[in-house]
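Next up, my_file13.cif (mmCIF, C-alpha atoms and all ligand atoms):
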data_model
#
loop_
_atom_site.group_PDB
_atom_site.id
_atom_site.type_symbol
_atom_site.label_atom_id
_atom_site.label_comp_id
_atom_site.auth_asym_id
_atom_site.auth_seq_id
_atom_site.Cartn_x
_atom_site.Cartn_y
_atom_site.Cartn_z
ATOM 1 C CA MET A 1249 -2.962 -19.564 36.297
ATOM 2 C CA CYS A 1250 -5.450 -17.124 34.804
ATOM 3 C CA ASP A 1251 -4.673 -17.030 31.081
ATOM 4 C CA GLY A 1252 -5.303 -14.269 28.523
ATOM 5 C CA ASN A 1253 -4.987 -10.552 29.186
ATOM 6 C CA ARG A 1254 -4.249 -9.385 32.721
ATOM 7 C CA ASN A 1255 -6.921 -7.037 33.997
ATOM 8 C CA LEU A 1256 -5.993 -3.361 34.165
ATOM 9 C CA HIS A 1257 -4.332 -2.119 37.369
ATOM 10 C CA GLN A 1258 -3.669 -5.788 38.302
ATOM 11 C CA VAL A 1259 -7.192 -6.054 39.747
ATOM 12 C CA LYS A 1260 -8.088 -9.705 40.291
ATOM 13 C CA ILE A 1261 -11.659 -10.955 39.855
ATOM 14 C CA LEU A 1262 -12.861 -13.835 42.027
ATOM 15 C CA ASN A 1263 -16.234 -15.444 41.354
ATOM 16 C CA PHE A 1264 -17.375 -17.690 44.223
ATOM 17 C CA GLY A 1265 -20.261 -19.391 42.477
ATOM 18 C CA SER A 1266 -22.371 -22.317 41.375
ATOM 19 C CA CYS A 1267 -21.794 -24.759 38.536
ATOM 20 C CA ASN A 1268 -24.928 -26.555 37.307
ATOM 21 C CA VAL A 1269 -25.872 -29.138 34.757
ATOM 22 C CA ASP A 1270 -28.830 -27.545 32.940
ATOM 23 C CA TYR A 1271 -31.513 -29.928 31.643
ATOM 24 C CA VAL A 1272 -33.463 -27.790 29.192
ATOM 25 C CA TYR A 1273 -36.906 -29.044 28.143
ATOM 26 C CA SER A 1274 -38.643 -27.389 25.170
ATOM 27 C CA LEU A 1275 -42.429 -27.346 25.407
ATOM 28 C CA ASP A 1276 -45.455 -25.338 24.233
ATOM 29 C CA HIS A 1277 -46.075 -23.502 27.485
ATOM 30 C CA ILE A 1278 -44.599 -23.371 31.005
ATOM 31 C CA VAL A 1279 -46.306 -26.049 33.112
ATOM 32 C CA LYS A 1280 -48.770 -24.755 35.723
ATOM 33 C CA ALA A 1281 -49.492 -26.369 39.119
ATOM 34 C CA GLY A 1282 -51.415 -29.617 38.676
ATOM 35 C CA GLU A 1283 -50.726 -29.801 34.923
ATOM 36 C CA THR A 1284 -48.804 -32.511 33.036
ATOM 37 C CA GLU A 1285 -47.270 -31.561 29.713
ATOM 38 C CA SER A 1286 -45.246 -33.543 27.211
ATOM 39 C CA THR A 1287 -42.015 -31.937 26.005
ATOM 40 C CA TYR A 1288 -40.605 -32.162 22.469
ATOM 41 C CA ARG A 1289 -36.876 -31.745 23.149
ATOM 42 C CA LEU A 1290 -34.334 -32.220 25.924
ATOM 43 C CA ASN A 1291 -30.889 -30.617 25.745
ATOM 44 C CA THR A 1292 -28.179 -30.811 28.395
ATOM 45 C CA TYR A 1293 -26.029 -27.689 28.775
ATOM 46 C CA PRO A 1294 -23.403 -26.305 31.159
ATOM 47 C CA GLY A 1295 -24.921 -23.658 33.436
ATOM 48 C CA GLY A 1296 -25.328 -22.265 36.915
ATOM 49 C CA LYS A 1297 -25.290 -18.525 37.525
ATOM 50 C CA GLY A 1298 -21.731 -18.733 38.836
ATOM 51 C CA LEU A 1299 -20.315 -20.652 35.881
ATOM 52 C CA ASN A 1300 -22.236 -18.518 33.369
ATOM 53 C CA GLN A 1301 -20.941 -15.299 34.931
ATOM 54 C CA SER A 1302 -17.332 -16.529 34.992
ATOM 55 C CA ILE A 1303 -17.552 -17.443 31.314
ATOM 56 C CA ALA A 1304 -19.123 -14.064 30.530
ATOM 57 C CA ILE A 1305 -16.336 -12.225 32.410
ATOM 58 C CA LYS A 1306 -13.713 -14.171 30.452
ATOM 59 C CA ARG A 1307 -15.447 -13.742 27.090
ATOM 60 C CA ALA A 1308 -15.711 -10.009 27.836
ATOM 61 C CA GLY A 1309 -11.905 -10.018 27.939
ATOM 62 C CA SER A 1310 -10.981 -10.239 31.656
ATOM 63 C CA CYS A 1311 -9.212 -12.838 33.763
ATOM 64 C CA VAL A 1312 -11.368 -14.528 36.384
ATOM 65 C CA TYR A 1313 -10.845 -17.095 39.134
ATOM 66 C CA HIS A 1314 -13.848 -19.362 39.701
ATOM 67 C CA ALA A 1315 -14.160 -20.862 43.213
ATOM 68 C CA GLY A 1316 -16.754 -23.400 44.311
ATOM 69 C CA CYS A 1317 -17.408 -27.144 44.210
ATOM 70 C CA ILE A 1318 -17.840 -29.714 41.470
ATOM 71 C CA GLY A 1319 -19.711 -32.914 42.247
ATOM 72 C CA GLU A 1320 -20.554 -36.250 40.701
ATOM 73 C CA GLY A 1321 -21.522 -35.819 37.027
ATOM 74 C CA GLY A 1322 -19.988 -32.329 36.822
ATOM 75 C CA ALA A 1323 -16.571 -33.090 35.312
ATOM 76 C CA PHE A 1324 -17.592 -31.615 31.940
ATOM 77 C CA LEU A 1325 -18.309 -28.278 33.680
ATOM 78 C CA LEU A 1326 -14.715 -28.104 34.850
ATOM 79 C CA ASP A 1327 -13.538 -28.831 31.282
ATOM 80 C CA ILE A 1328 -15.746 -26.073 29.875
ATOM 81 C CA LEU A 1329 -14.427 -23.495 32.340
ATOM 82 C CA LYS A 1330 -10.847 -24.545 31.538
ATOM 83 C CA ARG A 1331 -11.486 -24.432 27.798
ATOM 84 C CA ASP A 1332 -12.711 -20.852 28.145
ATOM 85 C CA GLY A 1333 -9.555 -19.890 30.047
ATOM 86 C CA VAL A 1334 -11.197 -19.426 33.464
ATOM 87 C CA ASP A 1335 -8.783 -20.151 36.341
ATOM 88 C CA VAL A 1336 -10.191 -23.210 38.147
ATOM 89 C CA SER A 1337 -7.461 -23.704 40.749
ATOM 90 C CA PHE A 1338 -9.981 -22.854 43.519
ATOM 91 C CA LEU A 1339 -12.650 -25.342 42.385
ATOM 92 C CA GLU A 1340 -12.809 -28.394 44.667
ATOM 93 C CA SER A 1341 -14.267 -31.844 43.971
ATOM 94 C CA VAL A 1342 -16.828 -33.047 46.520
ATOM 95 C CA ASP A 1343 -18.550 -36.335 47.229
ATOM 96 C CA GLU A 1344 -22.099 -35.249 46.319
ATOM 97 C CA LYS A 1345 -24.213 -35.056 43.179
ATOM 98 C CA ASN A 1346 -23.447 -31.987 41.097
ATOM 99 C CA GLY A 1347 -25.996 -29.175 41.321
ATOM 100 C CA HIS A 1348 -28.473 -29.146 38.455
ATOM 101 C CA ALA A 1349 -31.333 -27.122 37.010
ATOM 102 C CA ILE A 1350 -34.547 -28.300 35.379
ATOM 103 C CA ILE A 1351 -35.429 -25.596 32.865
ATOM 104 C CA GLN A 1352 -38.597 -25.287 30.802
ATOM 105 C CA VAL A 1353 -38.364 -23.088 27.695
ATOM 106 C CA CYS A 1354 -41.415 -22.214 25.595
ATOM 107 C CA PRO A 1355 -41.479 -20.853 21.991
ATOM 108 C CA SER A 1356 -41.491 -17.180 23.096
ATOM 109 C CA GLY A 1357 -38.104 -17.810 24.770
ATOM 110 C CA GLU A 1358 -39.509 -17.458 28.316
ATOM 111 C CA ASN A 1359 -38.306 -19.924 30.916
ATOM 112 C CA SER A 1360 -39.053 -21.409 34.314
ATOM 113 C CA ILE A 1361 -36.342 -23.020 36.467
ATOM 114 C CA PHE A 1362 -36.042 -25.192 39.535
ATOM 115 C CA LEU A 1363 -32.728 -26.105 41.134
ATOM 116 C CA TYR A 1364 -31.095 -28.984 42.989
ATOM 117 C CA PRO A 1365 -28.165 -27.348 44.872
ATOM 118 C CA GLY A 1366 -26.076 -30.525 45.480
ATOM 119 C CA SER A 1367 -22.350 -29.738 45.248
ATOM 120 C CA ASN A 1368 -23.053 -25.978 45.212
ATOM 121 C CA HIS A 1369 -24.006 -26.194 48.894
ATOM 122 C CA MET A 1370 -20.808 -27.950 49.991
ATOM 123 C CA ILE A 1371 -18.562 -24.886 50.417
ATOM 124 C CA SER A 1372 -16.740 -25.004 53.771
ATOM 125 C CA SER A 1373 -15.260 -22.255 55.975
ATOM 126 C CA ARG A 1374 -11.877 -23.837 55.306
ATOM 127 C CA GLN A 1375 -12.334 -23.408 51.548
ATOM 128 C CA ILE A 1376 -13.506 -19.810 51.948
ATOM 129 C CA ASP A 1377 -10.442 -18.897 54.056
ATOM 130 C CA HIS A 1378 -8.068 -20.701 51.685
ATOM 131 C CA VAL A 1379 -9.468 -18.979 48.573
ATOM 132 C CA LEU A 1380 -9.606 -15.486 50.073
ATOM 133 C CA GLU A 1381 -5.941 -15.719 51.128
ATOM 134 C CA ALA A 1382 -5.031 -15.189 47.455
ATOM 135 C CA PHE A 1383 -6.952 -11.898 47.153
ATOM 136 C CA SER A 1384 -6.477 -8.444 48.586
ATOM 137 C CA GLU A 1385 -7.768 -4.898 48.847
ATOM 138 C CA ASN A 1386 -9.544 -3.555 45.763
ATOM 139 C CA ASP A 1387 -9.806 -6.990 44.120
ATOM 140 C CA ILE A 1388 -13.347 -7.828 43.027
ATOM 141 C CA LEU A 1389 -15.531 -10.588 44.487
ATOM 142 C CA VAL A 1390 -18.602 -11.658 42.496
ATOM 143 C CA LEU A 1391 -21.384 -13.611 44.195
ATOM 144 C CA GLN A 1392 -24.822 -14.945 43.294
ATOM 145 C CA ASN A 1393 -27.266 -16.835 45.507
ATOM 146 C CA GLU A 1394 -26.853 -20.441 44.395
ATOM 147 C CA ILE A 1395 -24.139 -21.398 46.903
ATOM 148 C CA ASN A 1396 -24.210 -21.849 50.673
ATOM 149 C CA ALA A 1397 -22.604 -19.330 53.051
ATOM 150 C CA PRO A 1398 -22.811 -16.141 50.944
ATOM 151 C CA GLU A 1399 -22.977 -14.024 54.154
ATOM 152 C CA GLU A 1400 -19.747 -15.589 55.467
ATOM 153 C CA ILE A 1401 -17.937 -14.963 52.167
ATOM 154 C CA VAL A 1402 -19.166 -11.339 52.085
ATOM 155 C CA GLU A 1403 -18.009 -10.653 55.656
ATOM 156 C CA LYS A 1404 -14.558 -12.174 55.149
ATOM 157 C CA ALA A 1405 -14.011 -10.457 51.780
ATOM 158 C CA TYR A 1406 -15.171 -7.111 53.192
ATOM 159 C CA ARG A 1407 -12.630 -7.384 56.004
ATOM 160 C CA LYS A 1408 -9.935 -7.726 53.336
ATOM 161 C CA GLY A 1409 -11.154 -4.557 51.586
ATOM 162 C CA MET A 1410 -12.361 -6.367 48.460
ATOM 163 C CA ARG A 1411 -15.002 -4.717 46.277
ATOM 164 C CA ILE A 1412 -18.065 -6.961 46.428
ATOM 165 C CA VAL A 1413 -20.555 -7.353 43.578
ATOM 166 C CA LEU A 1414 -23.707 -9.226 44.572
ATOM 167 C CA ASN A 1415 -26.247 -10.590 42.144
ATOM 168 C CA PRO A 1416 -28.945 -11.690 44.654
ATOM 169 C CA SER A 1417 -30.368 -14.258 42.305
ATOM 170 C CA PRO A 1418 -32.362 -16.406 42.816
ATOM 171 C CA TYR A 1419 -33.873 -14.330 45.618
ATOM 172 C CA ASN A 1420 -34.696 -16.113 48.898
ATOM 173 C CA GLU A 1421 -34.456 -15.442 52.655
ATOM 174 C CA LYS A 1422 -30.663 -16.150 52.612
ATOM 175 C CA ILE A 1423 -30.225 -12.754 50.954
ATOM 176 C CA GLN A 1424 -31.644 -10.998 54.017
ATOM 177 C CA GLY A 1425 -28.713 -12.420 56.036
ATOM 178 C CA ILE A 1426 -26.207 -10.411 53.958
ATOM 179 C CA ASP A 1427 -25.099 -7.015 55.234
ATOM 180 C CA PHE A 1428 -25.715 -4.758 52.220
ATOM 181 C CA ALA A 1429 -23.544 -2.043 53.747
ATOM 182 C CA MET A 1430 -20.569 -4.291 52.906
ATOM 183 C CA LEU A 1431 -21.396 -4.377 49.187
ATOM 184 C CA SER A 1432 -20.031 -2.112 46.476
ATOM 185 C CA TYR A 1433 -22.419 -3.137 43.686
ATOM 186 C CA LEU A 1434 -25.811 -4.811 43.564
ATOM 187 C CA ILE A 1435 -26.951 -6.201 40.202
ATOM 188 C CA LEU A 1436 -30.571 -7.275 40.199
ATOM 189 C CA ASN A 1437 -33.824 -7.375 38.259
ATOM 190 C CA GLU A 1438 -37.239 -5.835 38.899
ATOM 191 C CA PRO A 1439 -38.818 -8.615 41.015
ATOM 192 C CA GLU A 1440 -35.628 -8.843 43.105
ATOM 193 C CA ILE A 1441 -35.361 -5.105 43.836
ATOM 194 C CA LYS A 1442 -39.029 -5.035 44.876
ATOM 195 C CA GLN A 1443 -38.650 -8.091 47.130
ATOM 196 C CA ILE A 1444 -35.491 -6.834 48.837
ATOM 197 C CA SER A 1445 -36.734 -3.284 49.397
ATOM 198 C CA ALA A 1446 -40.359 -4.300 50.094
ATOM 199 C CA CYS A 1447 -41.365 -1.432 47.757
ATOM 200 C CA GLU A 1448 -44.113 -1.686 45.161
ATOM 201 C CA THR A 1449 -42.511 0.406 42.437
ATOM 202 C CA VAL A 1450 -39.051 0.511 40.902
ATOM 203 C CA SER A 1451 -38.652 4.231 41.646
ATOM 204 C CA ASP A 1452 -39.499 3.742 45.337
ATOM 205 C CA ALA A 1453 -37.100 0.793 45.492
ATOM 206 C CA LEU A 1454 -34.255 2.831 43.980
ATOM 207 C CA LEU A 1455 -34.978 5.617 46.471
ATOM 208 C CA TYR A 1456 -34.930 3.079 49.292
ATOM 209 C CA PHE A 1457 -31.403 1.947 48.327
ATOM 210 C CA GLN A 1458 -30.201 5.511 47.891
ATOM 211 C CA LYS A 1459 -31.311 6.378 51.443
ATOM 212 C CA ALA A 1460 -30.483 3.114 53.225
ATOM 213 C CA PHE A 1461 -27.121 2.427 51.491
ATOM 214 C CA PRO A 1462 -25.863 5.694 49.969
ATOM 215 C CA ARG A 1463 -22.503 4.202 48.911
ATOM 216 C CA LEU A 1464 -24.004 1.154 47.199
ATOM 217 C CA ARG A 1465 -24.157 1.288 43.387
ATOM 218 C CA VAL A 1466 -27.300 -0.356 42.075
ATOM 219 C CA MET A 1467 -27.515 -1.899 38.613
ATOM 220 C CA LEU A 1468 -31.145 -2.652 37.823
ATOM 221 C CA THR A 1469 -31.908 -4.730 34.727
ATOM 222 C CA LEU A 1470 -35.389 -4.442 33.236
ATOM 223 C CA GLY A 1471 -35.240 -7.092 30.487
ATOM 224 C CA GLY A 1472 -36.488 -5.721 27.151
ATOM 225 C CA ARG A 1473 -37.060 -2.288 28.744
ATOM 226 C CA GLY A 1474 -33.361 -1.595 29.343
ATOM 227 C CA CYS A 1475 -31.444 -0.981 32.556
ATOM 228 C CA ILE A 1476 -30.893 1.751 35.162
ATOM 229 C CA TYR A 1477 -27.617 2.361 36.983
ATOM 230 C CA GLN A 1478 -27.808 4.343 40.224
ATOM 231 C CA SER A 1479 -24.762 5.763 41.979
ATOM 232 C CA GLU A 1480 -24.551 8.593 44.515
ATOM 233 C CA GLY A 1481 -28.100 9.715 43.788
ATOM 234 C CA LYS A 1482 -27.595 9.891 39.997
ATOM 235 C CA GLN A 1483 -29.256 7.540 37.546
ATOM 236 C CA ILE A 1484 -28.199 6.505 34.049
ATOM 237 C CA PHE A 1485 -30.654 4.703 31.771
ATOM 238 C CA CYS A 1486 -29.578 2.461 28.896
ATOM 239 C CA PRO A 1487 -32.218 1.068 26.484
ATOM 240 C CA SER A 1488 -32.087 -2.587 25.525
ATOM 241 C CA PHE A 1489 -31.196 -3.852 22.058
ATOM 242 C CA ARG A 1490 -34.030 -5.415 20.030
ATOM 243 C CA VAL A 1491 -33.471 -9.009 18.937
ATOM 244 C CA ASN A 1492 -35.564 -12.106 18.280
ATOM 245 C CA ALA A 1493 -35.449 -14.066 21.538
ATOM 246 C CA VAL A 1494 -34.998 -17.832 21.302
ATOM 247 C CA ASP A 1495 -34.024 -18.565 24.919
ATOM 248 C CA THR A 1496 -33.597 -15.924 27.635
ATOM 249 C CA THR A 1497 -31.777 -18.291 30.045
ATOM 250 C CA GLY A 1498 -28.457 -16.766 31.101
ATOM 251 C CA ALA A 1499 -29.127 -13.255 29.719
ATOM 252 C CA GLY A 1500 -28.814 -11.740 33.205
ATOM 253 C CA ASP A 1501 -25.572 -13.667 33.794
ATOM 254 C CA THR A 1502 -24.150 -12.400 30.507
ATOM 255 C CA PHE A 1503 -25.006 -8.830 31.529
ATOM 256 C CA THR A 1504 -23.417 -9.325 34.975
ATOM 257 C CA GLY A 1505 -20.210 -10.819 33.560
ATOM 258 C CA TYR A 1506 -19.745 -8.004 31.050
ATOM 259 C CA PHE A 1507 -20.566 -5.419 33.730
ATOM 260 C CA VAL A 1508 -17.952 -6.861 36.120
ATOM 261 C CA SER A 1509 -15.324 -6.972 33.375
ATOM 262 C CA GLY A 1510 -16.082 -3.319 32.619
ATOM 263 C CA ILE A 1511 -15.646 -2.156 36.215
ATOM 264 C CA ALA A 1512 -12.439 -4.204 36.635
ATOM 265 C CA ASN A 1513 -11.025 -2.386 33.635
ATOM 266 C CA ALA A 1514 -12.271 1.042 34.763
ATOM 267 C CA GLN A 1515 -14.410 1.632 31.667
ATOM 268 C CA SER A 1516 -16.916 4.495 31.618
ATOM 269 C CA THR A 1517 -20.363 3.662 32.969
ATOM 270 C CA GLU A 1518 -21.990 4.451 29.604
ATOM 271 C CA GLN A 1519 -19.636 2.077 27.796
ATOM 272 C CA ILE A 1520 -20.187 -0.666 30.365
ATOM 273 C CA LEU A 1521 -23.987 -0.439 30.146
ATOM 274 C CA ARG A 1522 -24.046 -0.358 26.343
ATOM 275 C CA THR A 1523 -21.639 -3.301 25.980
ATOM 276 C CA ALA A 1524 -23.305 -5.404 28.691
ATOM 277 C CA SER A 1525 -26.774 -4.738 27.212
ATOM 278 C CA CYS A 1526 -25.625 -5.707 23.734
ATOM 279 C CA ALA A 1527 -23.954 -8.900 25.010
ATOM 280 C CA ALA A 1528 -27.123 -9.860 26.914
ATOM 281 C CA ALA A 1529 -29.250 -9.220 23.807
ATOM 282 C CA LEU A 1530 -26.989 -11.403 21.651
ATOM 283 C CA SER A 1531 -27.157 -14.182 24.254
ATOM 284 C CA VAL A 1532 -30.951 -14.541 23.944
ATOM 285 C CA THR A 1533 -30.673 -15.221 20.219
ATOM 286 C CA LYS A 1534 -29.098 -18.634 20.964
ATOM 287 C CA GLU A 1535 -30.146 -21.634 23.031
ATOM 288 C CA GLY A 1536 -28.621 -22.509 26.412
ATOM 289 C CA ALA A 1537 -27.018 -20.372 29.092
ATOM 290 C CA ALA A 1538 -23.201 -20.612 29.036
ATOM 291 C CA THR A 1539 -23.281 -21.759 25.408
ATOM 292 C CA SER A 1540 -25.111 -18.587 24.319
ATOM 293 C CA ILE A 1541 -22.686 -16.040 25.824
ATOM 294 C CA PRO A 1542 -21.019 -13.991 23.063
ATOM 295 C CA TYR A 1543 -17.295 -13.171 22.879
ATOM 296 C CA ILE A 1544 -16.307 -9.504 23.033
ATOM 297 C CA ALA A 1545 -15.296 -9.603 19.341
ATOM 298 C CA GLU A 1546 -18.883 -10.539 18.377
ATOM 299 C CA VAL A 1547 -20.276 -7.740 20.548
ATOM 300 C CA VAL A 1548 -17.916 -5.174 19.037
ATOM 301 C CA ALA A 1549 -18.702 -6.391 15.503
ATOM 302 C CA GLN A 1550 -22.483 -6.155 15.973
ATOM 303 C CA ILE A 1551 -23.125 -3.346 18.445
ATOM 304 C CA ASP A 1552 -23.459 -0.432 15.987
ATOM 305 C CA SER A 1553 -25.716 -2.202 13.476
ATOM 306 C CA LEU A 1554 -27.859 -3.689 16.254
ATOM 307 C CA GLU A 1555 -28.221 -0.264 17.845
ATOM 308 C CA ALA A 1556 -29.184 1.339 14.522
ATOM 309 C CA SER A 1557 -31.815 -1.328 13.799
ATOM 310 C CA THR A 1558 -33.172 -0.959 17.347
ATOM 311 C CA GLU A 1559 -33.505 2.831 16.913
ATOM 312 C CA ASN A 1560 -35.218 2.404 13.515
ATOM 313 C CA ALA A 1561 -37.649 -0.147 14.914
ATOM 314 C CA GLU A 1562 -38.633 2.327 17.627
ATOM 315 C CA LYS A 1563 -39.339 5.254 15.232
HETATM 316 O O1 LIG A 1601 -29.264 -17.791 35.151
HETATM 317 C C1 LIG A 1601 -29.398 -18.983 34.435
HETATM 318 C C2 LIG A 1601 -28.992 -20.154 35.271
HETATM 319 O O2 LIG A 1601 -29.878 -20.272 36.352
HETATM 320 C C3 LIG A 1601 -29.038 -21.475 34.560
HETATM 321 O O3 LIG A 1601 -27.845 -21.778 33.883
HETATM 322 C C4 LIG A 1601 -29.396 -22.453 35.661
HETATM 323 O O4 LIG A 1601 -28.365 -23.314 36.006
HETATM 324 C C5 LIG A 1601 -29.834 -21.590 36.829
HETATM 325 O O5 LIG A 1601 -28.924 -21.609 37.814
#
Show the structure stored in the file as structure tokens.
Ligand code: RIB
Amino acid sequence: MCDGNRNLHQVKILNFGSCNVDYVYSLDHIVKAGETESTYRLNTYPGGKGLNQSIAIKRAGSCVYHAGCIGEGGAFLLDILKRDGVDVSFLESVDEKNGHAIIQVCPSGENSIFLYPGSNHMISSRQIDHVLEAFSENDILVLQNEINAPEEIVEKAYRKGMRIVLNPSPYNEKIQGIDFAMLSYLILNEPEIKQISACETVSDALLYFQKAFPRLRVMLTLGGRGCIYQSEGKQIFCPSFRVNAVDTTGAGDTFTGYFVSGIANAQSTEQILRTASCAAALSVTKEGAATSIPYIAEVVAQIDSLEASTENAEK
């Protein structure tokens, strides 16, 4: 059972997503092709865009069901989700190595990631049908691109009238198989919006989505430059909060989780963007992905002072 506060209007949030073991290597610079570099630290963290986003949704104050697969070596991921109060009754154990990520982080906080999908690519049509049986019209489905069969999940959820939030990350050709007309929200970053739209500038890409999918709400994150929300031809910009970045891994997932929690609870767009941006900023001040996601109480306690120091720094 999903513990904690029930979401407003009884809206249920389902996240069909990945769970990864993150191996984080600290080194002086991101390794280039043909280069060999020694690292000075290795940390193992819970991660995966799916798991991170479920934890962010829960820490933002909403109930969330996480569906997917856990493989060999992934038992601690299940424990972490449970400890955070995420409902794991739709997570299945599979006979395959758990998905994992090899992450390089350099002193500026920048990262580079490669993934082994493993258990995250073991989702069956049977599991999809079984999970979706528990959800209905207006419930929210959250998806990223680290699991198999995203197009099948989108089609089946759309037929049920669920609101679908897609974070097309990491971008690859699988994304082109998804019918964007079935989506309610798209949350993506600058390289992703340019790749999907085949446009060279952000403004052209936003225009492309406005014309091609007029009902789709687009949430574009621009890292340290803020974010732009586009809905029905109108755009809202929210600046980012200034912090000292230690590790940017999981910042986008933190933003997505807080954004989803905000829409489930029918908050105003301005409030959602401000809270999600602040949560993402706080997450980069700590190491790791899931481990760096702040709780809503921390966001509320810090948002005004962080905003004031950001404004002063910009004067
Ligand atoms: O978005 C960050 C996540 O991407 C990491 O936790 C890693 O697992 C990769 O999936």
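Of the listed residues (A:Thr1469, A:Ser1553, A:Ser1302, A:Ser1274), A:Ser1274 comes nearest to Glu1358 (chain A); the distances count only C-alpha atoms.
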Return as AutoDock Vina command-line options the box centre and box size in Å, one decimal, for an axis-aligned box around all listed atoms of ligand LIG 1601 (chain A) padded by 8 Å per side.
--center_x -28.9 --center_y -20.6 --center_z 35.8 --size_x 18.0 --size_y 21.5 --size_z 19.9
Checklist entry - Written as a ChimeraX atom specification, what is the full residue list that the PyMOL selection byres (((not hetatm)) within 9 of (chain A and resi 1601)) yields on the file shown? => result /A:1266-1271,1293-1301,1347-1351,1361-1363,1394,1417-1418,1496-1502,1536-1538
Item to check | A:Phe1485, A:Asp1332, A:Ala1304, A:Asn1386 ranked by distance to Val1547 (chain A), top pick (using only C-alpha atoms) | outcome: A:Ala1304
Checklist entry - Mind listing as an MDAnalysis selection string all residues within 6 Å of (-30.9, -6.9, 28.2), counting all atoms listed in the file? => result chainID A and resid 1471:1472 1474 1488 1525 1528:1529
Checklist entry - With distances taken over all atoms listed in the file, which of A:Gln1519, A:Asn1420, A:Gln1458, A:Ser1356 is nearest to Asn1492 (chain A)? => result A:Ser1356
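Among the candidate residues A:Pro1398, A:Ile1476, A:Ser1286, A:Lys1459, the one lying nearest to Leu1436 (chain A) is A:Ile1476, with distances computed using only C-alpha atoms.
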Next on the checklist: Counting only C-alpha atoms, which residue out of A:Ala1308, A:Val1494, A:Ile1541, A:Ala1556 sits closest to Val1353 (chain A)?
Outcome noted: A:Val1494
Give me the residues near Leu1329 (chain A) as a PDB file with C-alpha atoms, in the coordinates of the input, where near means some atom within 9 Å (using only C-alpha atoms) and where sequence neighbours in that chain fewer than 3 positions away do not count.
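selection_31.pdb, written as the output of this step:
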ATOM      1  CA  LEU A1299     -20.315 -20.652  35.881  1.00  0.00           C
ATOM      2  CA  SER A1302     -17.332 -16.529  34.992  1.00  0.00           C
ATOM      3  CA  ILE A1303     -17.552 -17.443  31.314  1.00  0.00           C
ATOM      4  CA  HIS A1314     -13.848 -19.362  39.701  1.00  0.00           C
ATOM      5  CA  PHE A1324     -17.592 -31.615  31.940  1.00  0.00           C
ATOM      6  CA  LEU A1325     -18.309 -28.278  33.680  1.00  0.00           C
ATOM      7  CA  LEU A1326     -14.715 -28.104  34.850  1.00  0.00           C
ATOM      8  CA  ASP A1332     -12.711 -20.852  28.145  1.00  0.00           C
ATOM      9  CA  GLY A1333      -9.555 -19.890  30.047  1.00  0.00           C
ATOM     10  CA  VAL A1334     -11.197 -19.426  33.464  1.00  0.00           C
ATOM     11  CA  ASP A1335      -8.783 -20.151  36.341  1.00  0.00           C
ATOM     12  CA  VAL A1336     -10.191 -23.210  38.147  1.00  0.00           C
TER      13      VAL A1336
END
Checklist entry - Leaving out Ser1310 (chain A) and any residue of its chain fewer than 2 positions from it, which residues lie within 12 Å of it when counting all atoms listed in the file, given as JSON, numbers by chain? => result {"A": [1250, 1251, 1252, 1253, 1254, 1255, 1256, 1257, 1258, 1259, 1260, 1261, 1262, 1301, 1302, 1303, 1304, 1305, 1306, 1307, 1308, 1312, 1313, 1332, 1333, 1334, 1335, 1388, 1505, 1506, 1507, 1508, 1509, 1510, 1511, 1512, 1513, 1514, 1543, 1544]}
Just write the chosen residues, C-alpha atoms, as a compact mmCIF listing (two decimals), in the coordinates of the input.
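The file below, part.txt, is the result:
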# COMPACT_ATOMS: atom_id res chain seq x y z
CA CYS A 1250 -5.45 -17.12 34.80
CA ASP A 1251 -4.67 -17.03 31.08
CA GLY A 1252 -5.30 -14.27 28.52
CA ASN A 1253 -4.99 -10.55 29.19
CA ARG A 1254 -4.25 -9.38 32.72
CA ASN A 1255 -6.92 -7.04 34.00
CA LEU A 1256 -5.99 -3.36 34.16
CA HIS A 1257 -4.33 -2.12 37.37
CA GLN A 1258 -3.67 -5.79 38.30
CA VAL A 1259 -7.19 -6.05 39.75
CA LYS A 1260 -8.09 -9.70 40.29
CA ILE A 1261 -11.66 -10.96 39.85
CA LEU A 1262 -12.86 -13.84 42.03
CA GLN A 1301 -20.94 -15.30 34.93
CA SER A 1302 -17.33 -16.53 34.99
CA ILE A 1303 -17.55 -17.44 31.31
CA ALA A 1304 -19.12 -14.06 30.53
CA ILE A 1305 -16.34 -12.22 32.41
CA LYS A 1306 -13.71 -14.17 30.45
CA ARG A 1307 -15.45 -13.74 27.09
CA ALA A 1308 -15.71 -10.01 27.84
CA VAL A 1312 -11.37 -14.53 36.38
CA TYR A 1313 -10.84 -17.10 39.13
CA ASP A 1332 -12.71 -20.85 28.14
CA GLY A 1333 -9.56 -19.89 30.05
CA VAL A 1334 -11.20 -19.43 33.46
CA ASP A 1335 -8.78 -20.15 36.34
CA ILE A 1388 -13.35 -7.83 43.03
CA GLY A 1505 -20.21 -10.82 33.56
CA TYR A 1506 -19.74 -8.00 31.05
CA PHE A 1507 -20.57 -5.42 33.73
CA VAL A 1508 -17.95 -6.86 36.12
CA SER A 1509 -15.32 -6.97 33.38
CA GLY A 1510 -16.08 -3.32 32.62
CA ILE A 1511 -15.65 -2.16 36.22
CA ALA A 1512 -12.44 -4.20 36.64
CA ASN A 1513 -11.02 -2.39 33.64
CA ALA A 1514 -12.27 1.04 34.76
CA TYR A 1543 -17.30 -13.17 22.88
CA ILE A 1544 -16.31 -9.50 23.03
Item to check | Residue members of the PyMOL selection byres (((chain A and resi 1288) around 12) and not hetatm) in the file shown, as a ChimeraX atom specification | outcome: /A:1272-1277,1285-1287,1289-1291,1352-1355
Checklist entry - Which residues match the PyMOL selection byres (((chain A and resi 1431) around 12) and not hetatm) in the file above, as a PyMOL selection string? => result chain A and resi 1388-1391+1398-1399+1401-1407+1409-1416+1426-1430+1432-1435+1457+1461-1466
